[in-house]
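Chemist: Provided herewith: upload-v3.cif, mmCIF, C-alpha atoms.
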data_my_file
#
loop_
_atom_site.group_PDB
_atom_site.id
_atom_site.type_symbol
_atom_site.label_atom_id
_atom_site.label_comp_id
_atom_site.auth_asym_id
_atom_site.auth_seq_id
_atom_site.Cartn_x
_atom_site.Cartn_y
_atom_site.Cartn_z
ATOM 1 C CA MET J 1 -79.244 144.697 77.775
ATOM 2 C CA LEU J 2 -80.444 141.288 78.785
ATOM 3 C CA ASP J 3 -82.313 139.512 76.020
ATOM 4 C CA LEU J 4 -84.434 136.781 77.511
ATOM 5 C CA ALA J 5 -85.176 135.294 74.079
ATOM 6 C CA GLU J 6 -81.495 134.325 73.688
ATOM 7 C CA THR J 7 -80.882 133.028 77.183
ATOM 8 C CA THR J 8 -80.522 129.267 77.612
ATOM 9 C CA VAL J 9 -81.148 126.995 80.552
ATOM 10 C CA GLY J 10 -77.401 126.469 80.846
ATOM 11 C CA ASP J 11 -76.846 130.235 81.171
ATOM 12 C CA VAL J 12 -79.116 130.489 84.178
ATOM 13 C CA MET J 13 -79.159 127.174 86.015
ATOM 14 C CA SER J 14 -77.486 126.560 89.322
ATOM 15 C CA ARG J 15 -74.839 123.868 89.295
ATOM 16 C CA ASP J 16 -74.941 123.321 93.047
ATOM 17 C CA VAL J 17 -77.679 120.770 93.466
ATOM 18 C CA ILE J 18 -78.590 119.117 96.746
ATOM 19 C CA THR J 19 -79.535 115.507 96.062
ATOM 20 C CA VAL J 20 -80.971 112.576 97.966
ATOM 21 C CA LEU J 21 -80.771 108.795 97.567
ATOM 22 C CA ALA J 22 -83.883 106.717 96.950
ATOM 23 C CA ASP J 23 -83.470 104.713 100.148
ATOM 24 C CA ALA J 24 -83.087 107.747 102.421
ATOM 25 C CA THR J 25 -85.968 108.211 104.867
ATOM 26 C CA LEU J 26 -88.580 110.917 104.358
ATOM 27 C CA GLY J 27 -87.567 112.355 107.713
ATOM 28 C CA ASP J 28 -84.007 112.790 106.435
ATOM 29 C CA ALA J 29 -85.307 114.286 103.187
ATOM 30 C CA ALA J 30 -87.381 116.822 105.147
ATOM 31 C CA ASP J 31 -84.332 117.735 107.260
ATOM 32 C CA ILE J 32 -82.294 118.254 104.084
ATOM 33 C CA MET J 33 -84.905 120.519 102.533
ATOM 34 C CA ILE J 34 -85.214 122.582 105.694
ATOM 35 C CA GLY J 35 -81.477 122.710 106.334
ATOM 36 C CA PHE J 36 -80.527 123.726 102.799
ATOM 37 C CA ASP J 37 -83.628 125.867 102.217
ATOM 38 C CA VAL J 38 -84.702 124.047 99.057
ATOM 39 C CA SER J 39 -88.194 122.971 98.080
ATOM 40 C CA GLY J 40 -87.340 119.945 95.969
ATOM 41 C CA LEU J 41 -84.701 117.262 95.765
ATOM 42 C CA PRO J 42 -83.605 115.187 92.795
ATOM 43 C CA VAL J 43 -83.332 111.503 93.621
ATOM 44 C CA VAL J 44 -80.088 110.136 92.235
ATOM 45 C CA ASP J 45 -78.240 106.850 92.202
ATOM 46 C CA ASP J 46 -74.532 106.406 92.880
ATOM 47 C CA ASP J 47 -73.696 107.387 89.294
ATOM 48 C CA GLY J 48 -75.528 110.697 89.577
ATOM 49 C CA VAL J 49 -78.316 109.556 87.285
ATOM 50 C CA ILE J 50 -81.609 111.095 88.282
ATOM 51 C CA SER J 51 -84.538 108.712 88.793
ATOM 52 C CA GLY J 52 -87.170 110.928 90.393
ATOM 53 C CA VAL J 53 -88.016 114.057 92.372
ATOM 54 C CA LEU J 54 -89.258 114.577 95.918
ATOM 55 C CA THR J 55 -90.783 117.946 96.778
ATOM 56 C CA GLU J 56 -91.882 119.883 99.808
ATOM 57 C CA THR J 57 -95.449 119.658 98.462
ATOM 58 C CA ASP J 58 -95.199 115.855 98.423
ATOM 59 C CA LEU J 59 -94.157 115.847 102.098
ATOM 60 C CA VAL J 60 -96.731 118.371 103.295
ATOM 61 C CA ARG J 61 -99.549 116.581 101.466
ATOM 62 C CA LEU J 62 -98.500 113.211 102.800
ATOM 63 C CA ARG J 63 -98.436 114.506 106.322
ATOM 64 C CA SER J 64 -101.916 116.045 106.056
ATOM 65 C CA GLY J 65 -103.303 112.759 104.807
ATOM 66 C CA VAL J 66 -101.446 110.183 106.860
ATOM 67 C CA PRO J 67 -103.600 107.985 109.092
ATOM 68 C CA PRO J 68 -102.762 108.416 112.769
ATOM 69 C CA TRP J 69 -101.446 104.893 113.200
ATOM 70 C CA ARG J 70 -98.564 105.334 110.763
ATOM 71 C CA SER J 71 -95.478 107.453 111.179
ATOM 72 C CA TRP J 72 -94.308 108.863 107.916
ATOM 73 C CA HIS J 73 -90.738 109.267 109.113
ATOM 74 C CA GLY J 74 -89.968 105.600 108.435
ATOM 75 C CA LEU J 75 -91.044 105.708 104.816
ATOM 76 C CA ARG J 76 -88.369 105.996 102.165
ATOM 77 C CA VAL J 77 -87.895 108.576 99.423
ATOM 78 C CA ARG J 78 -88.630 105.933 96.797
ATOM 79 C CA ASP J 79 -92.087 105.383 98.340
ATOM 80 C CA LEU J 80 -93.177 108.956 97.681
ATOM 81 C CA MET J 81 -91.052 110.434 94.880
ATOM 82 C CA SER J 82 -92.423 111.278 91.453
ATOM 83 C CA ALA J 83 -90.812 109.290 88.662
ATOM 84 C CA PRO J 84 -89.516 109.791 86.121
ATOM 85 C CA ALA J 85 -88.093 113.233 86.891
ATOM 86 C CA VAL J 86 -88.988 116.058 84.522
ATOM 87 C CA VAL J 87 -85.651 117.091 83.063
ATOM 88 C CA ILE J 88 -84.384 119.535 80.481
ATOM 89 C CA ASP J 89 -81.375 119.980 78.238
ATOM 90 C CA PRO J 90 -79.094 122.946 79.058
ATOM 91 C CA ARG J 91 -79.232 124.123 75.447
ATOM 92 C CA GLU J 92 -82.965 124.807 75.559
ATOM 93 C CA PRO J 93 -84.054 128.463 75.744
ATOM 94 C CA ILE J 94 -85.446 129.502 79.111
ATOM 95 C CA HIS J 95 -88.835 130.339 77.639
ATOM 96 C CA GLU J 96 -89.141 126.635 76.833
ATOM 97 C CA ALA J 97 -88.171 125.753 80.413
ATOM 98 C CA ALA J 98 -90.787 128.227 81.607
ATOM 99 C CA ARG J 99 -93.401 126.658 79.338
ATOM 100 C CA VAL J 100 -92.726 123.192 80.782
ATOM 101 C CA MET J 101 -92.863 124.448 84.386
ATOM 102 C CA SER J 102 -96.052 126.371 83.689
ATOM 103 C CA ASP J 103 -97.810 123.520 81.839
ATOM 104 C CA LEU J 104 -96.903 120.927 84.463
ATOM 105 C CA ARG J 105 -97.341 123.298 87.422
ATOM 106 C CA ILE J 106 -93.913 122.479 88.801
ATOM 107 C CA HIS J 107 -91.426 124.848 90.385
ATOM 108 C CA ARG J 108 -88.097 123.526 89.139
ATOM 109 C CA LEU J 109 -86.537 121.522 86.359
ATOM 110 C CA PHE J 110 -83.460 119.386 86.705
ATOM 111 C CA VAL J 111 -80.902 119.772 83.981
ATOM 112 C CA VAL J 112 -79.185 116.716 82.567
ATOM 113 C CA ASP J 113 -76.438 116.064 80.064
ATOM 114 C CA ASP J 114 -76.778 113.702 77.114
ATOM 115 C CA GLY J 115 -76.010 110.754 79.385
ATOM 116 C CA GLY J 116 -78.835 111.582 81.788
ATOM 117 C CA SER J 117 -76.487 112.733 84.531
ATOM 118 C CA LEU J 118 -77.616 115.623 86.675
ATOM 119 C CA ILE J 119 -75.672 118.823 85.963
ATOM 120 C CA GLY J 120 -77.864 121.557 87.394
ATOM 121 C CA VAL J 121 -81.266 122.860 88.416
ATOM 122 C CA LEU J 122 -83.389 125.681 87.031
ATOM 123 C CA SER J 123 -86.047 126.977 89.369
ATOM 124 C CA GLU J 124 -88.685 129.685 89.352
ATOM 125 C CA HIS J 125 -86.284 131.744 91.489
ATOM 126 C CA ASP J 126 -83.825 131.754 88.596
ATOM 127 C CA VAL J 127 -86.478 133.030 86.177
ATOM 128 C CA VAL J 128 -87.395 135.822 88.605
ATOM 129 C CA ALA J 129 -83.712 136.722 89.010
ATOM 130 C CA GLN J 130 -83.326 137.034 85.220
ATOM 131 C CA ILE J 131 -86.278 139.409 85.028
ATOM 132 C CA ALA J 132 -84.923 141.351 87.997
ATOM 133 C CA GLU J 133 -81.805 142.113 85.945
ATOM 134 C CA MET J 134 -83.724 143.674 83.074
ATOM 135 C CA ASP J 135 -83.444 147.401 82.598
ATOM 136 C CA ASP J 136 -86.381 149.505 83.739
ATOM 137 C CA MET Q 1 -108.396 118.918 91.283
ATOM 138 C CA PRO Q 2 -107.126 122.140 92.937
ATOM 139 C CA SER Q 3 -108.824 125.222 91.554
ATOM 140 C CA GLY Q 4 -105.738 127.437 91.584
ATOM 141 C CA PRO Q 5 -105.634 131.195 92.117
ATOM 142 C CA THR Q 6 -107.971 133.534 90.243
ATOM 143 C CA ARG Q 7 -106.106 134.763 87.209
ATOM 144 C CA ARG Q 8 -107.219 137.087 84.400
ATOM 145 C CA PRO Q 9 -105.932 137.138 80.817
ATOM 146 C CA LEU Q 10 -103.024 139.507 80.214
ATOM 147 C CA PRO Q 11 -103.620 142.708 78.208
ATOM 148 C CA ASP Q 12 -103.492 141.846 74.477
ATOM 149 C CA ALA Q 13 -100.412 143.963 73.788
ATOM 150 C CA THR Q 14 -98.281 141.822 76.007
ATOM 151 C CA ILE Q 15 -99.026 138.342 74.739
ATOM 152 C CA GLY Q 16 -96.160 136.711 72.886
ATOM 153 C CA SER Q 17 -93.576 139.365 73.591
ATOM 154 C CA MET Q 18 -91.114 139.054 76.430
ATOM 155 C CA ASN Q 19 -89.824 142.554 75.806
ATOM 156 C CA SER Q 20 -93.233 143.896 76.786
ATOM 157 C CA LEU Q 21 -92.443 142.797 80.334
ATOM 158 C CA HIS Q 22 -91.233 146.358 80.893
ATOM 159 C CA GLN Q 23 -94.749 147.667 80.423
ATOM 160 C CA LEU Q 24 -96.461 145.345 82.843
ATOM 161 C CA LEU Q 25 -97.463 146.243 86.375
ATOM 162 C CA VAL Q 26 -98.058 144.008 89.360
ATOM 163 C CA ALA Q 27 -101.796 144.650 88.998
ATOM 164 C CA ASP Q 28 -101.741 143.180 85.475
ATOM 165 C CA VAL Q 29 -100.393 139.823 86.598
ATOM 166 C CA MET Q 30 -101.190 139.222 90.252
ATOM 167 C CA SER Q 31 -103.817 136.730 91.394
ATOM 168 C CA VAL Q 32 -106.817 138.705 92.636
ATOM 169 C CA GLU Q 33 -109.138 137.780 95.516
ATOM 170 C CA PRO Q 34 -106.283 135.984 97.283
ATOM 171 C CA VAL Q 35 -106.980 133.111 99.634
ATOM 172 C CA THR Q 36 -105.985 134.218 103.122
ATOM 173 C CA VAL Q 37 -105.882 132.619 106.564
ATOM 174 C CA PRO Q 38 -106.411 134.103 110.055
ATOM 175 C CA TRP Q 39 -103.382 134.129 112.329
ATOM 176 C CA ASP Q 40 -105.199 132.206 115.038
ATOM 177 C CA ALA Q 41 -106.154 129.343 112.721
ATOM 178 C CA PHE Q 42 -104.335 126.057 113.209
ATOM 179 C CA VAL Q 43 -101.482 125.211 110.874
ATOM 180 C CA GLU Q 44 -103.543 122.251 109.661
ATOM 181 C CA ASP Q 45 -106.176 124.706 108.384
ATOM 182 C CA ALA Q 46 -103.519 126.549 106.397
ATOM 183 C CA GLU Q 47 -102.311 123.225 104.972
ATOM 184 C CA ARG Q 48 -105.846 122.342 103.958
ATOM 185 C CA LEU Q 49 -106.381 125.694 102.212
ATOM 186 C CA MET Q 50 -103.100 125.415 100.327
ATOM 187 C CA ARG Q 51 -104.014 121.936 99.183
ATOM 188 C CA ALA Q 52 -107.562 122.868 98.185
ATOM 189 C CA HIS Q 53 -106.426 125.830 96.098
ATOM 190 C CA GLY Q 54 -103.239 124.359 94.702
ATOM 191 C CA ILE Q 55 -101.045 127.110 96.152
ATOM 192 C CA SER Q 56 -97.968 127.055 98.349
ATOM 193 C CA GLY Q 57 -98.428 130.184 100.460
ATOM 194 C CA LEU Q 58 -101.138 132.342 102.017
ATOM 195 C CA PRO Q 59 -101.294 135.909 103.331
ATOM 196 C CA VAL Q 60 -102.124 135.919 107.051
ATOM 197 C CA LEU Q 61 -104.600 138.405 108.530
ATOM 198 C CA ASP Q 62 -105.200 139.455 112.131
ATOM 199 C CA GLY Q 63 -108.577 140.017 113.823
ATOM 200 C CA ASN Q 64 -108.974 143.356 112.053
ATOM 201 C CA ARG Q 65 -108.185 141.781 108.691
ATOM 202 C CA ALA Q 66 -104.869 143.592 108.598
ATOM 203 C CA LEU Q 67 -101.976 141.842 106.867
ATOM 204 C CA VAL Q 68 -99.531 140.466 109.420
ATOM 205 C CA GLY Q 69 -97.499 137.873 107.554
ATOM 206 C CA VAL Q 70 -97.340 135.015 105.075
ATOM 207 C CA ILE Q 71 -97.426 131.287 105.779
ATOM 208 C CA SER Q 72 -95.813 129.007 103.233
ATOM 209 C CA GLN Q 73 -95.314 125.293 102.768
ATOM 210 C CA SER Q 74 -91.745 125.724 103.979
ATOM 211 C CA ASP Q 75 -92.999 127.202 107.249
ATOM 212 C CA VAL Q 76 -95.405 124.289 107.635
ATOM 213 C CA LEU Q 77 -92.797 121.644 106.844
ATOM 214 C CA ALA Q 78 -90.493 123.111 109.472
ATOM 215 C CA VAL Q 79 -92.988 122.453 112.266
ATOM 216 C CA ARG Q 80 -91.179 119.305 113.285
ATOM 217 C CA GLY Q 81 -93.259 118.390 116.259
ATOM 218 C CA MET Q 82 -96.492 118.245 114.289
ATOM 219 C CA ALA Q 83 -96.195 114.808 112.752
ATOM 220 C CA ILE Q 84 -95.288 113.092 116.002
ATOM 221 C CA GLY Q 85 -98.033 114.845 117.936
ATOM 222 C CA ALA Q 86 -100.677 113.957 115.365
ATOM 223 C CA VAL Q 87 -99.568 110.340 115.223
ATOM 224 C CA VAL Q 88 -99.362 109.751 118.950
ATOM 225 C CA ARG Q 89 -102.346 111.751 120.156
ATOM 226 C CA HIS Q 90 -104.615 111.699 117.091
ATOM 227 C CA ARG Q 91 -105.495 115.364 117.345
ATOM 228 C CA PRO Q 92 -104.358 118.625 115.764
ATOM 229 C CA SER Q 93 -100.953 119.903 116.735
ATOM 230 C CA GLY Q 94 -102.299 123.000 118.460
ATOM 231 C CA VAL Q 95 -99.782 125.096 116.553
ATOM 232 C CA ARG Q 96 -101.284 128.340 115.250
ATOM 233 C CA VAL Q 97 -100.498 130.037 111.961
ATOM 234 C CA GLY Q 98 -99.259 133.144 113.795
ATOM 235 C CA GLU Q 99 -96.539 131.096 115.529
ATOM 236 C CA VAL Q 100 -94.890 129.814 112.363
ATOM 237 C CA MET Q 101 -95.644 132.412 109.681
ATOM 238 C CA SER Q 102 -93.006 134.736 108.236
ATOM 239 C CA ALA Q 103 -93.576 138.293 109.441
ATOM 240 C CA PRO Q 104 -93.895 140.954 108.334
ATOM 241 C CA ALA Q 105 -95.269 140.090 104.896
ATOM 242 C CA ILE Q 106 -93.106 141.291 102.012
ATOM 243 C CA THR Q 107 -95.397 143.567 100.034
ATOM 244 C CA VAL Q 108 -95.398 145.474 96.771
ATOM 245 C CA PRO Q 109 -97.759 148.222 95.576
ATOM 246 C CA ILE Q 110 -100.163 147.076 92.864
ATOM 247 C CA THR Q 111 -98.880 149.943 90.700
ATOM 248 C CA CYS Q 112 -95.271 148.792 90.854
ATOM 249 C CA SER Q 113 -93.604 147.548 87.660
ATOM 250 C CA LEU Q 114 -93.161 143.832 87.242
ATOM 251 C CA VAL Q 115 -89.386 144.268 86.837
ATOM 252 C CA GLU Q 116 -89.103 146.201 90.097
ATOM 253 C CA ALA Q 117 -91.295 143.623 91.825
ATOM 254 C CA ALA Q 118 -88.944 140.895 90.569
ATOM 255 C CA ARG Q 119 -86.049 142.701 92.242
ATOM 256 C CA ARG Q 120 -87.976 142.859 95.481
ATOM 257 C CA MET Q 121 -88.815 139.141 95.288
ATOM 258 C CA ARG Q 122 -85.191 138.285 94.519
ATOM 259 C CA ASP Q 123 -83.703 140.470 97.251
ATOM 260 C CA ALA Q 124 -86.146 139.266 99.899
ATOM 261 C CA ARG Q 125 -85.607 135.652 98.774
ATOM 262 C CA VAL Q 126 -89.312 134.888 98.836
ATOM 263 C CA HIS Q 127 -91.620 132.979 96.519
ATOM 264 C CA ARG Q 128 -94.428 135.496 96.657
ATOM 265 C CA LEU Q 129 -95.194 139.135 97.327
ATOM 266 C CA VAL Q 130 -98.483 140.392 98.738
ATOM 267 C CA ALA Q 131 -99.712 143.170 96.461
ATOM 268 C CA VAL Q 132 -101.264 146.022 98.432
ATOM 269 C CA ASP Q 133 -103.429 149.003 97.575
ATOM 270 C CA ASP Q 134 -103.062 152.625 98.714
ATOM 271 C CA HIS Q 135 -104.352 151.690 102.158
ATOM 272 C CA SER Q 136 -101.955 148.766 102.616
ATOM 273 C CA ARG Q 137 -104.766 146.278 102.223
ATOM 274 C CA PRO Q 138 -103.945 143.005 100.441
ATOM 275 C CA ALA Q 139 -105.327 143.188 96.912
ATOM 276 C CA GLY Q 140 -103.572 140.196 95.419
ATOM 277 C CA VAL Q 141 -100.589 137.881 95.448
ATOM 278 C CA LEU Q 142 -97.743 137.893 92.932
ATOM 279 C CA SER Q 143 -95.780 134.665 92.925
ATOM 280 C CA ALA Q 144 -92.639 133.362 91.242
ATOM 281 C CA SER Q 145 -94.955 131.040 89.274
ATOM 282 C CA ASP Q 146 -96.622 134.106 87.740
ATOM 283 C CA TYR Q 147 -93.263 135.181 86.307
ATOM 284 C CA VAL Q 148 -92.727 131.731 84.860
ATOM 285 C CA GLY Q 149 -96.163 131.969 83.247
ATOM 286 C CA ILE Q 150 -95.240 135.247 81.539
ATOM 287 C CA VAL Q 151 -91.915 134.006 80.208
ATOM 288 C CA ALA Q 152 -93.670 130.883 78.939
ATOM 289 C CA ASP Q 153 -96.036 132.878 76.738
#
When written as structure tokens, how does the structure in this file appear?

Modeler:
Amino acid sequence: MLDLAETTVGDVMSRDVITVLADATLGDAADIMIGFDVSGLPVVDDDGVISGVLTETDLVRLRSGVPPWRSWHGLRVRDLMSAPAVVIDPREPIHEAARVMSDLRIHRLFVVDDGGSLIGVLSEHDVVAQIAEMDD
Amino acid sequence: MPSGPTRRPLPDATIGSMNSLHQLLVADVMSVEPVTVPWDAFVEDAERLMRAHGISGLPVLDGNRALVGVISQSDVLAVRGMAIGAVVRHRPSGVRVGEVMSAPAITVPITCSLVEAARRMRDARVHRLVAVDDHSRPAGVLSASDYVGIVAD
């Protein structure tokens, strides 16, 4: 039987992470989110080190607020991303990951190794999937 | 500061124990008095409601206040023509909620167990379920964030 108290971030995270570069345009970032059906992208440099996060919420809020004389498509990811990224160690228990997501009202955490390189992502979906596997 | 959904404290027996998840029902955890949007509202109105309440999806109702779908941030983001139209013509896109929402809404009875509801959320690949009463009326919304909140306790 699944014991949530013992489960770590590393047990549950997804290792396939769609990333974006800081100098990509917001239009490209939106296309990536839509195309890959993800709601947030880690912003990484060429060494895979994460510097920030850009989310669907960031894009939707920007678009609702943008003055009519500016097109947001020309802006870059670095202009809008949140930095630093909120990250977590894969050895942490998932209840700790859940606490961070709940306290900060965010929907995903990026998982990094000791060198700060991105190794995975843990999202709310993953928490739901763990609960879905519990016995009735 | 967004007000967030209406949430009540969990029953005392459940606090601090993840194993008590088995005992919880959708009704114990869902947000009550959900914010909804009419299907003939403009997408901009849905965006505004999501922003004001700090939520990323809304149940959509028709003229008879029947549940017809859900509109989420993802649906809104995918309306590609909106940004260009707003920039060039300085007026709302003219796109209605009913045109871009996901339909039908994925629902769950308020009496369903939280574990079963998690399976439904996982299998439907959605971020939220609309919790319905015996008459299929929306009584609340159960979101993936609610599950995170329980595991965090």

Chemist: Using all atoms listed in the file, determine which residues lie at most 10 Å from Val115 in chain Q, disregarding the query and same-chain residues fewer than 6 positions distant; provide the list as a PyMOL selection string.

Modeler: (chain J and resi 128-136) or (chain Q and resi 21-26+121+147)

Chemist: Go ahead and write the selection's residues with C-alpha atoms as a compact mmCIF listing (two decimals), in the coordinates of the input.

Modeler:
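Dumped everything to selection_36.txt:
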# COMPACT_ATOMS: atom_id res chain seq x y z
CA VAL J 128 -87.40 135.82 88.60
CA ALA J 129 -83.71 136.72 89.01
CA GLN J 130 -83.33 137.03 85.22
CA ILE J 131 -86.28 139.41 85.03
CA ALA J 132 -84.92 141.35 88.00
CA GLU J 133 -81.81 142.11 85.94
CA MET J 134 -83.72 143.67 83.07
CA ASP J 135 -83.44 147.40 82.60
CA ASP J 136 -86.38 149.50 83.74
CA LEU Q 21 -92.44 142.80 80.33
CA HIS Q 22 -91.23 146.36 80.89
CA GLN Q 23 -94.75 147.67 80.42
CA LEU Q 24 -96.46 145.34 82.84
CA LEU Q 25 -97.46 146.24 86.38
CA VAL Q 26 -98.06 144.01 89.36
CA MET Q 121 -88.82 139.14 95.29
CA TYR Q 147 -93.26 135.18 86.31

Chemist: If we count all atoms listed in the file and set the cut-off at 9 Å, which residues sit around Leu21 in chain J, ignoring sequence neighbours fewer than 5 positions away in its own chain? Please answer as a ChimeraX atom specification.

Modeler: /J:42-46,77-78

Chemist: Do you know which residues the PyMOL selection byres ((chain J) within 9 of (chain Q)) returns on this file, as a compact mmCIF listing (two decimals) with C-alpha atoms, in the coordinates of the input?

Modeler:
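Output below, filename part_34.txt:
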# COMPACT_ATOMS: atom_id res chain seq x y z
CA ASP J 3 -82.31 139.51 76.02
CA LEU J 4 -84.43 136.78 77.51
CA ALA J 5 -85.18 135.29 74.08
CA ALA J 30 -87.38 116.82 105.15
CA ASP J 31 -84.33 117.74 107.26
CA MET J 33 -84.90 120.52 102.53
CA ILE J 34 -85.21 122.58 105.69
CA ASP J 37 -83.63 125.87 102.22
CA VAL J 38 -84.70 124.05 99.06
CA SER J 39 -88.19 122.97 98.08
CA GLU J 56 -91.88 119.88 99.81
CA THR J 57 -95.45 119.66 98.46
CA LEU J 59 -94.16 115.85 102.10
CA VAL J 60 -96.73 118.37 103.30
CA ARG J 61 -99.55 116.58 101.47
CA ARG J 63 -98.44 114.51 106.32
CA SER J 64 -101.92 116.04 106.06
CA VAL J 66 -101.45 110.18 106.86
CA PRO J 67 -103.60 107.98 109.09
CA PRO J 68 -102.76 108.42 112.77
CA TRP J 69 -101.45 104.89 113.20
CA ARG J 70 -98.56 105.33 110.76
CA SER J 71 -95.48 107.45 111.18
CA TRP J 72 -94.31 108.86 107.92
CA HIS J 73 -90.74 109.27 109.11
CA ILE J 94 -85.45 129.50 79.11
CA HIS J 95 -88.84 130.34 77.64
CA GLU J 96 -89.14 126.64 76.83
CA ALA J 97 -88.17 125.75 80.41
CA ALA J 98 -90.79 128.23 81.61
CA ARG J 99 -93.40 126.66 79.34
CA VAL J 100 -92.73 123.19 80.78
CA MET J 101 -92.86 124.45 84.39
CA SER J 102 -96.05 126.37 83.69
CA ASP J 103 -97.81 123.52 81.84
CA ARG J 105 -97.34 123.30 87.42
CA ILE J 106 -93.91 122.48 88.80
CA HIS J 107 -91.43 124.85 90.38
CA GLU J 124 -88.68 129.68 89.35
CA HIS J 125 -86.28 131.74 91.49
CA ASP J 126 -83.82 131.75 88.60
CA VAL J 127 -86.48 133.03 86.18
CA VAL J 128 -87.40 135.82 88.60
CA ALA J 129 -83.71 136.72 89.01
CA GLN J 130 -83.33 137.03 85.22
CA ILE J 131 -86.28 139.41 85.03
CA ALA J 132 -84.92 141.35 88.00
CA GLU J 133 -81.81 142.11 85.94
CA MET J 134 -83.72 143.67 83.07
CA ASP J 135 -83.44 147.40 82.60
CA ASP J 136 -86.38 149.50 83.74

Chemist: Take the PyMOL selection byres ((chain J and resi 49) around 10), run it mentally on this structure, and tell me the resulting residues as a list of chain:residue names.

Modeler: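 Listing what the PyMOL selection byres ((chain J and resi 49) around 10) selects in the shown file: J:Pro42, J:Val43, J:Val44, J:Asp45, J:Asp46, J:Asp47, J:Gly48, J:Ile50, J:Ser51, J:Gly52, J:Val112, J:Asp113, J:Gly115, J:Gly116, J:Ser117, J:Leu118, J:Ile119.
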
Chemist: Between CA of Phe110 in chain J and CA of Gly27 in chain J, what is the spacing in Å?

Modeler: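 So the two atoms, CA of Gly27 in chain J and CA of Phe110 in chain J, lie 22.5 Å apart.
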
Chemist: Give as a ChimeraX atom specification the residues that the PyMOL selection byres ((chain Q and resi 27) around 10) matches when applied to the coordinates above.

Modeler: /Q:24-26,28-32,109-114,131-133,139-142

Chemist: Q:Pro138, Q:Gly57, Q:Pro34, Q:Gly63: which is nearest Thr107 in chain Q, counting all atoms listed in the file?

Modeler: Q:Pro138

Chemist: So how many Å separate CA of Ile88 in chain J and CA of Leu122 in chain J, to one decimal?

Modeler: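 For CA of Ile88 in chain J relative to CA of Leu122 in chain J, the distance reads 9.0 Å.
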
Chemist: When you draw a straight line from CA of Ala103 in chain Q to CA of Pro59 in chain Q, how long is it in Å?

Modeler: 10.1 Å

Chemist: Contacts of Asn64 in chain Q at 12 Å or less, counting all atoms listed in the file, minus same-chain residues fewer than 4 places along, as a list in words?

Modeler: Pro38, Trp39, Val60, Val68 and Arg137 of chain Q

Chemist: Taking all atoms listed in the file into account, name the residue in Q:Ala52, Q:Ala66, Q:Val130, Q:Val37 that is nearest to Met101 in chain Q.

Modeler: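 Of all the options, Q:Val37 lies closest to Met101 in chain Q.
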
Chemist: For a quick check of understanding, using all atoms listed in the file, which of J:Pro90, J:Gly74, J:Gly35, J:Gly40 has the smallest distance to Asp23 in chain J?

Modeler: J:Gly74

Chemist: Between J:Ala29, J:Val53, J:Val9, J:Ala24, which residue has the minimum interatomic distance to Ala85 in chain J, considering all atoms listed in the file?

Modeler: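 Looking at the shortest contact to Ala85 in chain J, the residue is J:Val53.
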